[in-house]
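Asker: Just so it is clear, I am handing over data_16.txt, which has compact mmCIF, C-alpha atoms.
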```
# COMPACT_ATOMS: atom_id res chain seq x y z
CA MET A 127 0.00 0.00 0.00
CA ILE A 128 1.24 3.49 -0.84
CA LEU A 129 0.65 6.07 1.90
CA TYR A 130 0.71 9.80 1.16
CA SER A 131 1.57 12.19 4.00
CA CYS A 132 2.04 15.76 2.72
CA GLN A 133 5.08 15.43 0.42
CA LYS A 134 6.24 12.11 1.89
CA VAL A 135 5.48 8.74 0.29
CA GLU A 136 5.89 5.52 2.27
CA PHE A 137 5.97 2.03 0.80
CA LYS A 138 5.56 -0.02 3.95
CA LYS A 139 4.01 -3.12 2.38
CA GLU A 140 6.24 -3.01 -0.69
CA SER A 141 9.41 -2.48 1.37
CA GLY A 142 8.61 -5.36 3.70
CA ALA A 143 8.02 -7.82 0.88
CA PHE A 144 11.04 -6.53 -1.03
CA GLU A 145 13.33 -7.10 1.96
CA VAL A 146 12.06 -10.65 2.47
CA PHE A 147 12.75 -11.47 -1.18
CA ALA A 148 16.14 -9.77 -1.02
CA GLU A 149 17.15 -12.03 1.82
CA MET A 150 15.94 -15.11 -0.08
CA VAL A 151 17.91 -14.13 -3.19
CA GLN A 152 21.01 -13.47 -1.10
CA ALA A 153 20.66 -16.92 0.50
CA GLY A 154 20.23 -18.60 -2.89
CA VAL A 155 16.69 -19.80 -2.13
CA LYS A 156 15.41 -17.94 -5.19
CA PRO A 157 17.58 -17.32 -8.28
CA ILE A 158 15.49 -14.20 -8.94
CA ALA A 159 12.56 -12.52 -7.20
CA LEU A 160 9.99 -9.96 -8.28
CA SER A 161 8.81 -6.87 -6.48
CA GLN A 162 5.15 -5.97 -6.39
CA PRO A 163 3.99 -4.27 -9.62
CA LEU A 164 3.91 -0.47 -9.47
CA SER A 165 3.04 2.25 -11.95
CA PRO A 166 6.07 3.99 -13.52
CA SER A 167 5.54 7.08 -11.35
CA GLU A 168 5.26 4.98 -8.19
CA MET A 169 8.36 3.04 -9.18
CA ASP A 170 10.31 6.30 -9.52
CA LEU A 171 9.50 7.06 -5.90
CA PHE A 172 10.19 3.51 -4.68
CA MET A 173 13.59 3.12 -6.37
CA PRO A 174 15.71 4.80 -3.62
CA GLU A 175 14.24 2.47 -0.99
CA ALA A 176 14.69 -0.59 -3.24
CA THR A 177 18.29 0.33 -4.02
CA SER A 178 19.06 0.77 -0.32
CA ILE A 179 17.66 -2.65 0.54
CA ALA A 180 19.51 -4.29 -2.35
CA GLU A 181 22.79 -2.79 -1.17
CA LYS A 182 22.10 -4.03 2.34
CA TYR A 183 21.79 -7.60 1.09
CA GLU A 184 24.52 -7.28 -1.55
CA ILE A 185 22.28 -8.15 -4.46
CA SER A 186 21.37 -6.34 -7.68
CA VAL A 187 18.11 -4.85 -8.95
CA PHE A 188 16.85 -4.50 -12.50
CA ARG A 189 13.88 -2.31 -13.39
CA GLU A 190 11.67 -4.28 -15.77
CA PRO A 191 9.00 -2.25 -17.59
CA ASN A 192 7.70 -5.22 -19.59
CA LEU A 193 7.75 -8.48 -17.61
CA ILE A 194 7.86 -11.71 -19.58
CA GLY A 195 4.39 -13.09 -20.21
CA THR A 196 3.82 -16.67 -19.08
CA SER A 197 0.99 -18.96 -17.98
CA LEU A 198 2.00 -18.60 -14.34
CA PHE A 199 0.22 -15.30 -13.73
CA ASP A 200 -2.68 -13.26 -15.01
CA SER A 201 -1.00 -10.79 -17.39
CA SER A 202 -3.46 -8.05 -16.41
CA VAL A 203 -1.72 -7.80 -13.02
CA VAL A 204 1.33 -6.17 -14.60
CA GLN A 205 -0.35 -4.40 -17.50
CA GLY A 206 0.90 -0.81 -17.59
CA LYS A 207 3.09 -1.46 -14.55
CA GLU A 208 6.73 -2.18 -13.80
CA VAL A 209 8.45 -4.67 -11.51
CA LEU A 210 11.92 -4.91 -10.04
CA ILE A 211 13.92 -8.08 -10.55
CA LEU A 212 16.16 -8.98 -7.61
CA TYR A 213 19.12 -11.15 -8.60
CA LYS A 214 22.73 -12.21 -8.12
CA GLY A 215 25.37 -13.25 -10.64
CA GLU A 216 24.13 -14.31 -14.06
CA SER A 217 20.50 -14.87 -13.07
CA LEU A 218 19.35 -11.71 -14.84
CA GLU A 219 21.03 -12.82 -18.06
CA ALA A 220 19.22 -16.15 -17.83
CA TYR A 221 15.91 -14.31 -17.45
CA GLN A 222 16.64 -12.05 -20.41
CA MET A 223 17.53 -15.03 -22.59
CA LEU A 224 14.24 -16.68 -21.65
CA LYS A 225 12.32 -13.50 -22.40
CA LYS A 226 13.99 -13.27 -25.80
CA ARG A 227 12.91 -16.85 -26.51
CA ALA A 228 9.33 -16.02 -25.51
CA ASN A 229 9.31 -12.92 -27.71
CA GLU A 230 10.59 -14.91 -30.70
CA LEU A 231 7.86 -17.51 -30.23
CA GLU A 232 5.29 -14.74 -29.90
CA ALA A 233 6.49 -13.11 -33.12
CA SER A 234 6.21 -16.41 -35.01
CA LYS A 235 2.77 -17.08 -33.49
CA GLU A 236 4.08 -20.23 -31.76
CA TYR A 237 3.80 -19.02 -28.18
CA SER A 238 1.11 -21.40 -26.99
CA GLY A 239 0.58 -25.00 -25.90
CA GLN A 240 3.64 -26.97 -24.85
CA LYS A 241 6.11 -24.27 -25.92
CA LYS A 242 4.51 -21.67 -23.70
CA GLU A 243 4.26 -24.21 -20.87
CA ASP A 244 8.00 -24.96 -21.18
CA VAL A 245 8.87 -21.26 -20.96
CA SER A 246 6.50 -20.84 -18.03
CA ARG A 247 8.07 -23.75 -16.15
CA THR A 248 11.55 -22.35 -16.71
CA PHE A 249 10.46 -18.97 -15.37
CA GLY A 250 8.85 -20.65 -12.38
CA ARG A 251 12.10 -22.44 -11.56
CA MET A 252 13.97 -19.13 -11.86
CA LEU A 253 11.62 -17.78 -9.21
CA GLY A 254 12.49 -20.74 -6.98
CA TYR A 255 9.06 -22.37 -7.16
CA PRO A 256 8.78 -26.14 -6.63
CA GLU A 257 7.16 -28.07 -9.48
CA SER A 258 3.98 -28.57 -7.44
CA ASN A 259 3.56 -24.80 -7.13
CA ILE A 260 4.26 -24.33 -10.82
CA ASN A 261 1.62 -26.96 -11.64
CA ASN A 262 -0.93 -25.18 -9.46
CA LEU A 263 -0.25 -21.83 -11.14
CA LEU A 264 -0.46 -23.38 -14.61
CA ALA A 265 -3.78 -25.01 -13.70
CA GLN A 266 -5.14 -21.61 -12.64
CA ASN A 267 -3.99 -19.73 -15.73
CA SER A 268 -3.99 -22.28 -18.56
CA ASP A 269 -5.58 -25.57 -19.60
CA PHE A 270 -2.85 -27.59 -17.84
CA LYS A 271 -3.98 -30.37 -15.48
CA ASP A 272 -2.25 -33.13 -13.53
CA LEU A 273 -3.46 -36.31 -11.85
CA GLY A 274 -4.26 -34.54 -8.59
CA ASP A 275 -6.86 -32.42 -10.36
CA PHE A 276 -8.86 -35.59 -11.05
CA GLY A 277 -8.74 -37.00 -7.51
CA ILE A 278 -6.22 -39.80 -6.89
CA THR A 279 -7.90 -42.51 -4.79
CA GLY A 280 -5.20 -45.20 -4.65
CA GLN A 281 -3.02 -47.62 -6.57
CA GLU A 282 -3.26 -51.19 -7.80
CA LEU A 283 -0.04 -52.96 -8.76
CA ILE A 284 -0.87 -55.68 -11.31
CA TRP A 285 1.26 -58.82 -11.66
CA PHE A 286 0.73 -61.81 -13.97
CA TYR A 287 1.19 -65.52 -13.20
CA LYS A 288 1.38 -68.84 -14.99
CA ASP A 289 0.18 -70.62 -11.84
CA LEU A 290 -2.45 -68.28 -10.40
CA PRO A 291 -3.70 -70.68 -7.65
CA GLU A 292 -0.20 -70.97 -6.22
CA ALA A 293 0.19 -67.19 -6.23
CA LYS A 294 -3.18 -66.78 -4.48
CA LYS A 295 -2.13 -69.23 -1.80
CA PHE A 296 1.15 -67.42 -1.24
CA TYR A 297 -0.35 -63.97 -0.78
CA SER A 298 -3.39 -65.07 1.22
CA GLU A 299 -1.74 -67.67 3.44
CA THR A 300 2.01 -67.05 3.53
CA LEU A 301 1.72 -63.26 3.67
CA GLY A 302 -1.76 -63.16 5.18
CA LEU A 303 -3.10 -60.41 2.90
CA LYS A 304 -6.85 -59.87 2.81
CA ILE A 305 -8.61 -60.78 -0.44
CA LEU A 306 -10.88 -57.91 -1.47
CA SER A 307 -12.26 -59.57 -4.60
CA GLU A 308 -11.70 -62.75 -6.51
CA GLU A 309 -12.56 -63.97 -9.99
CA GLU A 310 -11.61 -66.99 -12.05
CA LYS A 311 -8.49 -65.37 -13.47
CA SER A 312 -7.64 -62.70 -10.91
CA ALA A 313 -7.59 -61.75 -7.24
CA THR A 314 -7.21 -58.38 -5.54
CA PHE A 315 -5.40 -58.12 -2.20
CA GLN A 316 -5.29 -55.20 0.18
CA ILE A 317 -1.79 -54.30 1.31
CA VAL A 318 -2.89 -51.37 3.46
CA GLY A 319 -5.39 -48.55 3.00
CA ASP A 320 -5.59 -47.54 -0.66
CA SER A 321 -2.63 -49.72 -1.72
CA ARG A 322 -3.54 -52.98 -3.44
CA LEU A 323 -1.91 -55.88 -5.25
CA VAL A 324 -3.79 -57.49 -8.14
CA ILE A 325 -2.64 -60.87 -9.38
CA LYS A 326 -3.88 -62.16 -12.73
CA SER A 327 -3.52 -65.25 -14.84
CA VAL A 328 -1.19 -64.72 -17.77
CA GLU A 329 -3.65 -66.78 -19.82
CA GLY A 330 -5.63 -64.45 -22.06
CA SER A 331 -3.76 -61.37 -20.79
CA GLY A 332 -1.85 -60.64 -23.96
CA TYR A 333 1.44 -61.46 -22.23
CA SER A 334 3.46 -64.63 -22.77
CA GLY A 335 4.55 -64.85 -19.16
CA ASN A 336 8.21 -64.84 -20.19
CA GLU A 337 8.63 -61.07 -20.18
CA ALA A 338 11.08 -59.53 -17.72
CA LYS A 339 9.49 -58.46 -14.46
CA SER A 340 11.42 -55.17 -14.09
CA VAL A 341 9.51 -54.33 -10.92
CA ALA A 342 9.71 -54.76 -7.16
CA LEU A 343 7.20 -54.14 -4.41
CA ALA A 344 8.42 -52.62 -1.16
CA LEU A 345 6.23 -53.48 1.82
CA LEU A 346 6.88 -50.97 4.59
CA THR A 347 6.83 -52.30 8.14
CA ASP A 348 8.62 -51.69 11.43
CA ASN A 349 8.66 -55.44 12.20
CA LEU A 350 11.40 -56.66 9.90
CA GLU A 351 12.78 -59.35 12.19
CA GLU A 352 9.34 -60.91 12.69
CA TRP A 353 8.68 -61.01 8.95
CA TYR A 354 12.18 -62.32 8.22
CA SER A 355 11.84 -65.16 10.71
CA HIS A 356 8.36 -66.05 9.44
CA LEU A 357 9.41 -66.20 5.78
CA GLN A 358 12.43 -68.32 6.62
CA LYS A 359 10.19 -70.79 8.46
CA GLU A 360 7.89 -70.86 5.43
CA LYS A 361 10.94 -71.60 3.26
CA VAL A 362 10.33 -68.56 1.07
CA THR A 363 13.30 -67.77 -1.15
CA ILE A 364 15.35 -64.89 0.28
CA LYS A 365 17.26 -62.99 -2.40
CA TYR A 366 18.95 -60.51 -0.06
CA THR A 367 19.26 -61.21 3.67
CA LEU A 368 18.18 -58.85 6.42
CA LYS A 369 20.66 -56.05 6.98
CA VAL A 370 20.43 -53.58 9.84
CA LYS A 371 22.41 -50.35 9.72
CA PRO A 372 21.53 -48.15 12.71
CA ASP A 373 23.05 -45.09 11.05
CA GLY A 374 21.58 -45.80 7.62
CA ALA A 375 18.52 -44.43 5.87
CA HIS A 376 16.67 -47.76 5.77
CA ASP A 377 16.89 -51.45 6.62
CA GLY A 378 15.34 -54.42 4.93
CA PHE A 379 15.53 -57.71 3.08
CA VAL A 380 14.22 -59.02 -0.23
CA ALA A 381 12.16 -62.15 -0.76
CA MET A 382 10.82 -63.74 -3.95
CA ASP A 383 7.25 -64.84 -4.55
CA PRO A 384 6.46 -68.17 -6.30
CA GLU A 385 7.19 -66.82 -9.80
CA GLY A 386 10.09 -64.52 -9.04
CA TYR A 387 8.52 -61.13 -8.34
CA LEU A 388 10.64 -59.29 -5.78
CA LEU A 389 9.17 -58.30 -2.41
CA GLU A 390 11.25 -55.85 -0.42
CA PHE A 391 10.39 -55.72 3.27
CA GLU A 392 11.66 -52.31 4.30
CA MET A 393 11.81 -49.89 7.20
CA PHE A 394 12.89 -46.26 6.86
CA ARG A 395 14.45 -44.20 9.64
CA MET A 396 15.20 -40.52 10.17
CA HIS A 397 18.04 -39.57 7.86
CA PRO A 398 18.85 -36.54 5.67
CA GLU A 399 17.38 -38.21 2.59
CA ASN A 400 14.17 -39.06 4.50
CA GLU A 401 13.45 -35.70 6.14
CA LYS A 402 10.18 -35.34 4.25
CA PHE A 403 9.41 -39.05 3.94
CA ILE A 404 9.45 -39.98 7.64
CA PRO A 405 6.80 -37.44 8.74
CA GLU A 406 4.56 -38.73 5.93
CA LEU A 407 5.02 -42.33 7.04
CA LYS A 408 4.45 -41.56 10.72
CA GLY A 409 0.91 -40.55 9.89
CA ARG A 410 0.12 -43.92 8.29
CA LYS A 411 -1.71 -46.46 10.44
CA PRO A 412 -0.42 -50.03 10.02
CA LEU A 413 -2.78 -52.74 8.84
CA ALA A 414 -2.32 -56.17 10.40
CA THR A 415 -2.44 -59.25 8.21
CA SER A 416 -4.19 -62.47 9.16
CA LEU A 417 -0.90 -63.71 10.64
CA GLY A 418 -1.17 -61.39 13.66
CA THR A 419 -0.79 -57.78 14.72
CA GLU A 420 3.01 -57.83 14.53
CA TYR A 421 2.82 -58.85 10.87
CA ASN A 422 1.65 -55.57 9.40
CA PHE A 423 2.31 -53.00 6.69
CA TYR A 424 1.68 -49.25 6.65
CA ALA A 425 2.61 -48.30 3.08
CA SER A 426 4.00 -49.67 -0.17
CA ILE A 427 6.41 -48.53 -2.87
CA THR A 428 6.18 -49.76 -6.45
CA TRP A 429 9.76 -49.75 -7.75
CA LEU A 430 10.12 -49.27 -11.53
CA TYR A 431 13.43 -49.49 -13.41
CA TYR A 432 14.84 -47.12 -16.05
CA LYS A 433 17.90 -46.54 -18.18
CA ASP A 434 17.75 -42.80 -17.48
CA ILE A 435 15.68 -41.61 -14.55
CA LEU A 436 16.14 -37.85 -15.07
CA PRO A 437 13.50 -37.59 -17.82
CA MET A 438 11.23 -39.73 -15.65
CA GLU A 439 11.70 -37.35 -12.72
CA ASN A 440 10.34 -34.57 -14.92
CA PHE A 441 7.51 -36.83 -16.11
CA MET A 442 6.48 -37.61 -12.53
CA THR A 443 6.52 -34.02 -11.31
CA GLN A 444 5.45 -32.14 -14.44
CA ASN A 445 3.12 -34.51 -16.31
CA LEU A 446 1.62 -36.37 -13.37
CA GLY A 447 2.07 -33.74 -10.67
CA LEU A 448 3.51 -36.13 -8.06
CA GLU A 449 5.73 -34.75 -5.30
CA LEU A 450 9.13 -36.14 -4.37
CA SER A 451 9.12 -37.72 -0.91
CA ALA A 452 12.66 -39.13 -0.75
CA ASP A 453 15.76 -38.79 -2.89
CA GLN A 454 18.25 -41.66 -2.63
CA GLY A 455 20.34 -40.40 -5.53
CA TRP A 456 19.93 -43.38 -7.82
CA ALA A 457 16.36 -43.94 -6.64
CA LYS A 458 13.52 -41.44 -6.20
CA ILE A 459 10.30 -41.97 -4.24
CA TYR A 460 7.08 -40.12 -5.18
CA ARG A 461 3.89 -40.05 -3.17
CA LEU A 462 0.90 -41.26 -5.16
CA SER A 463 -1.79 -41.60 -2.48
CA ASP A 464 -2.14 -42.00 1.29
CA ASN A 465 -0.52 -45.43 1.44
CA SER A 466 1.11 -45.91 -1.95
CA TYR A 467 4.28 -44.55 -3.49
CA VAL A 468 6.03 -44.97 -6.84
CA GLY A 469 9.81 -45.30 -6.95
CA LEU A 470 12.12 -44.69 -9.89
CA VAL A 471 15.32 -46.76 -9.94
CA ASP A 472 18.44 -46.46 -12.07
CA GLU A 473 18.84 -49.95 -13.56
CA MET A 474 22.62 -49.75 -13.11
CA ARG A 475 22.16 -49.74 -9.33
CA GLY A 476 18.86 -51.51 -8.77
CA MET A 477 17.84 -55.13 -8.20
CA ASN A 478 16.29 -55.39 -11.68
CA SER A 479 17.28 -54.28 -15.15
CA PHE A 480 15.33 -52.19 -17.61
CA SER A 481 13.41 -54.13 -20.24
CA GLU A 482 11.34 -52.98 -23.19
CA GLU A 483 8.74 -55.65 -22.40
CA LYS A 484 7.70 -56.25 -18.80
CA LEU A 485 5.18 -58.35 -16.94
CA VAL A 486 3.67 -55.57 -14.87
CA GLU A 487 1.03 -52.86 -15.02
CA VAL A 488 0.09 -50.07 -12.63
CA LYS A 489 -3.46 -48.87 -12.12
CA ILE A 490 -4.13 -45.46 -10.58
CA GLY A 491 -7.53 -44.94 -9.05
CA LEU A 492 -9.12 -41.60 -9.97
CA SER A 493 -12.36 -39.99 -8.82
CA ASP A 494 -12.79 -38.58 -12.33
CA SER A 495 -11.13 -41.04 -14.69
CA ASP A 496 -13.29 -39.82 -17.59
CA GLY A 497 -11.97 -36.30 -17.04
CA TRP A 498 -8.34 -37.47 -17.17
CA GLU A 499 -9.10 -39.47 -20.33
CA THR A 500 -10.65 -36.39 -21.97
CA TYR A 501 -7.63 -34.32 -20.96
CA LEU A 502 -5.16 -36.86 -22.39
CA LYS A 503 -7.06 -36.92 -25.67
CA LYS A 504 -6.53 -33.16 -25.96
CA LYS A 505 -2.88 -33.19 -24.89
CA ASP A 506 -1.55 -36.51 -26.19
CA SER A 507 -0.94 -36.89 -29.92
CA ASP A 508 -0.14 -40.64 -29.62
CA SER A 509 -2.75 -42.35 -31.77
CA THR A 510 -1.71 -45.77 -30.45
CA ARG A 511 -2.70 -44.99 -26.86
CA ARG A 512 -5.59 -47.12 -25.65
CA SER A 513 -8.45 -45.52 -23.72
CA ASN A 514 -7.94 -45.20 -19.98
CA THR A 515 -4.23 -45.99 -20.25
CA PHE A 516 -0.97 -44.16 -20.75
CA SER A 517 2.63 -45.27 -20.94
CA ASP A 518 5.55 -43.56 -19.25
CA LEU A 519 8.97 -42.87 -20.79
CA GLY A 520 10.20 -46.35 -19.84
CA GLY A 521 7.28 -48.12 -21.45
CA TYR A 522 5.44 -49.04 -18.24
CA LEU A 523 1.70 -49.28 -18.83
CA PHE A 524 -0.49 -47.27 -16.46
CA ARG A 525 -4.23 -47.84 -16.28
CA PHE A 526 -6.74 -45.55 -14.61
```
Could you show the structure in this file as structure tokens?

Answerer:
Amino acid sequence: MILYSCQKVEFKKESGAFEVFAEMVQAGVKPIALSQPLSPSEMDLFMPEATSIAEKYEISVFREPNLIGTSLFDSSVVQGKEVLILYKGESLEAYQMLKKRANELEASKEYSGQKKEDVSRTFGRMLGYPESNINNLLAQNSDFKDLGDFGITGQELIWFYKDLPEAKKFYSETLGLKILSEEEKSATFQIVGDSRLVIKSVEGSGYSGNEAKSVALALLTDNLEEWYSHLQKEKVTIKYTLKVKPDGAHDGFVAMDPEGYLLEFEMFRMHPENEKFIPELKGRKPLATSLGTEYNFYASITWLYYKDILPMENFMTQNLGLELSADQGWAKIYRLSDNSYVGLVDEMRGMNSFSEEKLVEVKIGLSDSDGWETYLKKKDSDSTRRSNTFSDLGGYLFRF
């Protein structure tokens, strides 16, 4: 707010916000920051105060009379007004290069759709916004949508078997999972909450059953020793033995189901890479299996394997709108719903290798699956995509 007192003009609100952003730019939290928009005459009066604050925090200020237009903000907010760009180092040059790119696209009448979204995302990152915030702004000011806009209700991990009865027996009796539904060629088990495992007969599925599995299911529990002892007694194949590292980020062991799918029994502990993940997990209530209260799970992670996980990181955050919960370097964990997570794994470090063909599908429950399908039809030019499905950059098939 601008206050007039005789000849004196005070910019209390503007100065306060400007100083907060100056401190954030100085600390490197934001590559650049923007002042509140002001008319040119107001900006003339505010400049001495802005310059003083910038000098205090040892940053620079650039007076921008024509801010880059993106899908992050309503352009009318800055129409006929100026902003100040707070920056350090080469950040201003990066902004000016981006603005030049936007102007060139505008001149060639190409500044729309994906190209405008790409510029908008780059500008959002310059402002220090996380991808989730960028997605929200794009949804408010463009036709962009992500999965969250259609109401994620849970996940079903789908595995295929040559001997379905044996698989049913393993999951219902050996692991004690509750059967939610059962048909001649499939069965759905509840892991916990909105996380489910669906097992299907390979017969009539379109798969041969010989495809690589390229997947693992992490079952999160605090009772690793109980589960380890139980599975040993049941003579379940253990691929990797139980390892406990009190100073590590997580402990666990890996077992194999009757047809070789990997089951990772895992517990996470407070650690720098889990600073966001642990508070999320602490809010999850464990669900006991039929084996007893100590044999429980409180969340699951579907691990998927890739040759290059960087493009998939962008796919998860930008296309699907999922937020990163834990970063293990070569593996990334994204929250999908209350009890289910999706993990990306670099095949060079993981338990499985990448494969073009794989015996796995993932189904995401949506409150408005028809809305997501309509959106994909508008955005996706892939004519081979089947209704109510999409494939990620590694070729994993997602249903919804």

Asker: How close does each residue of segment 394-438 of chain A get to segment 274-287 of chain A, giving the shortest atom pair and distance in Å to one decimal for every residue with an atom at most 12 Å away, counting all atoms listed in the file, sorted by chain and residue number, as CSV?

Answerer:
```
residue,atom,partner,partner_atom,distance
A:Ala425,CA,A:Gln281,CA,11.2
A:Ser426,CA,A:Gln281,CA,9.7
A:Ile427,CA,A:Leu283,CA,9.8
A:Thr428,CA,A:Leu283,CA,7.4
A:Trp429,CA,A:Leu283,CA,10.4
A:Leu430,CA,A:Leu283,CA,11.2
```

Asker: Quick one: write out the picked residues with C-alpha atoms as a PDB file, in the coordinates of the input?

Answerer:
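Result written to part.pdb:
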```
ATOM      1  CA  ALA A 425       2.610 -48.300   3.080  1.00  0.00           C
ATOM      2  CA  SER A 426       4.000 -49.670  -0.170  1.00  0.00           C
ATOM      3  CA  ILE A 427       6.410 -48.530  -2.870  1.00  0.00           C
ATOM      4  CA  THR A 428       6.180 -49.760  -6.450  1.00  0.00           C
ATOM      5  CA  TRP A 429       9.760 -49.750  -7.750  1.00  0.00           C
ATOM      6  CA  LEU A 430      10.120 -49.270 -11.530  1.00  0.00           C
TER       7      LEU A 430
END
```

Asker: Which residues are close to segment 201-215 of chain A, i.e. within 7 Å by all atoms listed in the file, leaving aside same-chain residues fewer than 3 positions away? Reply as number ranges by chain.

Answerer: A: 148, 151, 157-166, 185-192, 195, 218

Asker: Can you tell me, as a list in words, what residues are no more than 7 Å from segment 433-442 of chain A when counting only C-alpha atoms, ignoring any on the same chain fewer than 5 positions away?

Answerer: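 The neighbour list is Gly447, Leu448, Leu470, Val471, Asp472, Glu473, Phe480 and Leu519 of chain A.
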
Asker: Could you check how far atom CA of Glu309 of chain A sits from atom CA of Lys326 of chain A, in Å to one decimal?

Answerer: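 Atom-to-atom, atom CA of Glu309 of chain A to atom CA of Lys326 of chain A, that is 9.3 Å.
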
Asker: For a quick check of understanding, using only C-alpha atoms, which of A:Leu446, A:Leu171, A:Ile179, A:Ile317 has the smallest distance to Pro412 of chain A?

Answerer: A:Ile317

Asker: Kindly reconstruct segment 247-259 of chain A with N, CA, C and O atoms and present the result as an mmCIF file, in the frame of the given file.

Answerer:
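Output below, filename out.cif:
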```cif
data_model
loop_
_atom_site.group_PDB
_atom_site.id
_atom_site.type_symbol
_atom_site.label_atom_id
_atom_site.label_comp_id
_atom_site.auth_asym_id
_atom_site.auth_seq_id
_atom_site.Cartn_x
_atom_site.Cartn_y
_atom_site.Cartn_z
ATOM 1 N N ARG A 247 7.412 -22.913 -17.169
ATOM 2 C CA ARG A 247 8.070 -23.750 -16.150
ATOM 3 C C ARG A 247 9.484 -23.251 -15.864
ATOM 4 O O ARG A 247 9.926 -23.209 -14.703
ATOM 5 N N THR A 248 10.198 -22.867 -16.912
ATOM 6 C CA THR A 248 11.550 -22.350 -16.710
ATOM 7 C C THR A 248 11.526 -21.084 -15.870
ATOM 8 O O THR A 248 12.332 -20.906 -14.950
ATOM 9 N N PHE A 249 10.580 -20.198 -16.145
ATOM 10 C CA PHE A 249 10.460 -18.970 -15.370
ATOM 11 C C PHE A 249 10.092 -19.284 -13.922
ATOM 12 O O PHE A 249 10.611 -18.665 -12.980
ATOM 13 N N GLY A 250 9.211 -20.251 -13.733
ATOM 14 C CA GLY A 250 8.850 -20.650 -12.380
ATOM 15 C C GLY A 250 10.034 -21.164 -11.592
ATOM 16 O O GLY A 250 10.200 -20.835 -10.400
ATOM 17 N N ARG A 251 10.890 -21.942 -12.255
ATOM 18 C CA ARG A 251 12.100 -22.440 -11.560
ATOM 19 C C ARG A 251 13.062 -21.305 -11.255
ATOM 20 O O ARG A 251 13.742 -21.313 -10.220
ATOM 21 N N MET A 252 13.137 -20.308 -12.146
ATOM 22 C CA MET A 252 13.970 -19.130 -11.860
ATOM 23 C C MET A 252 13.490 -18.414 -10.603
ATOM 24 O O MET A 252 14.296 -17.860 -9.845
ATOM 25 N N LEU A 253 12.190 -18.434 -10.385
ATOM 26 C CA LEU A 253 11.620 -17.780 -9.210
ATOM 27 C C LEU A 253 11.715 -18.659 -7.961
ATOM 28 O O LEU A 253 11.263 -18.262 -6.891
ATOM 29 N N GLY A 254 12.295 -19.857 -8.118
ATOM 30 C CA GLY A 254 12.490 -20.740 -6.980
ATOM 31 C C GLY A 254 11.274 -21.540 -6.594
ATOM 32 O O GLY A 254 11.209 -22.090 -5.495
ATOM 33 N N TYR A 255 10.281 -21.632 -7.480
ATOM 34 C CA TYR A 255 9.060 -22.370 -7.160
ATOM 35 C C TYR A 255 9.284 -23.878 -7.316
ATOM 36 O O TYR A 255 9.898 -24.318 -8.300
ATOM 37 N N PRO A 256 8.770 -24.692 -6.411
ATOM 38 C CA PRO A 256 8.780 -26.140 -6.630
ATOM 39 C C PRO A 256 7.811 -26.497 -7.744
ATOM 40 O O PRO A 256 6.895 -25.727 -8.053
ATOM 41 N N GLU A 257 8.008 -27.675 -8.353
ATOM 42 C CA GLU A 257 7.160 -28.070 -9.480
ATOM 43 C C GLU A 257 5.686 -28.113 -9.098
ATOM 44 O O GLU A 257 4.816 -27.791 -9.915
ATOM 45 N N SER A 258 5.388 -28.506 -7.857
ATOM 46 C CA SER A 258 3.980 -28.570 -7.440
ATOM 47 C C SER A 258 3.338 -27.189 -7.477
ATOM 48 O O SER A 258 2.170 -27.048 -7.878
ATOM 49 N N ASN A 259 4.080 -26.163 -7.087
ATOM 50 C CA ASN A 259 3.560 -24.800 -7.130
ATOM 51 C C ASN A 259 3.386 -24.326 -8.568
ATOM 52 O O ASN A 259 2.398 -23.664 -8.918
#
```
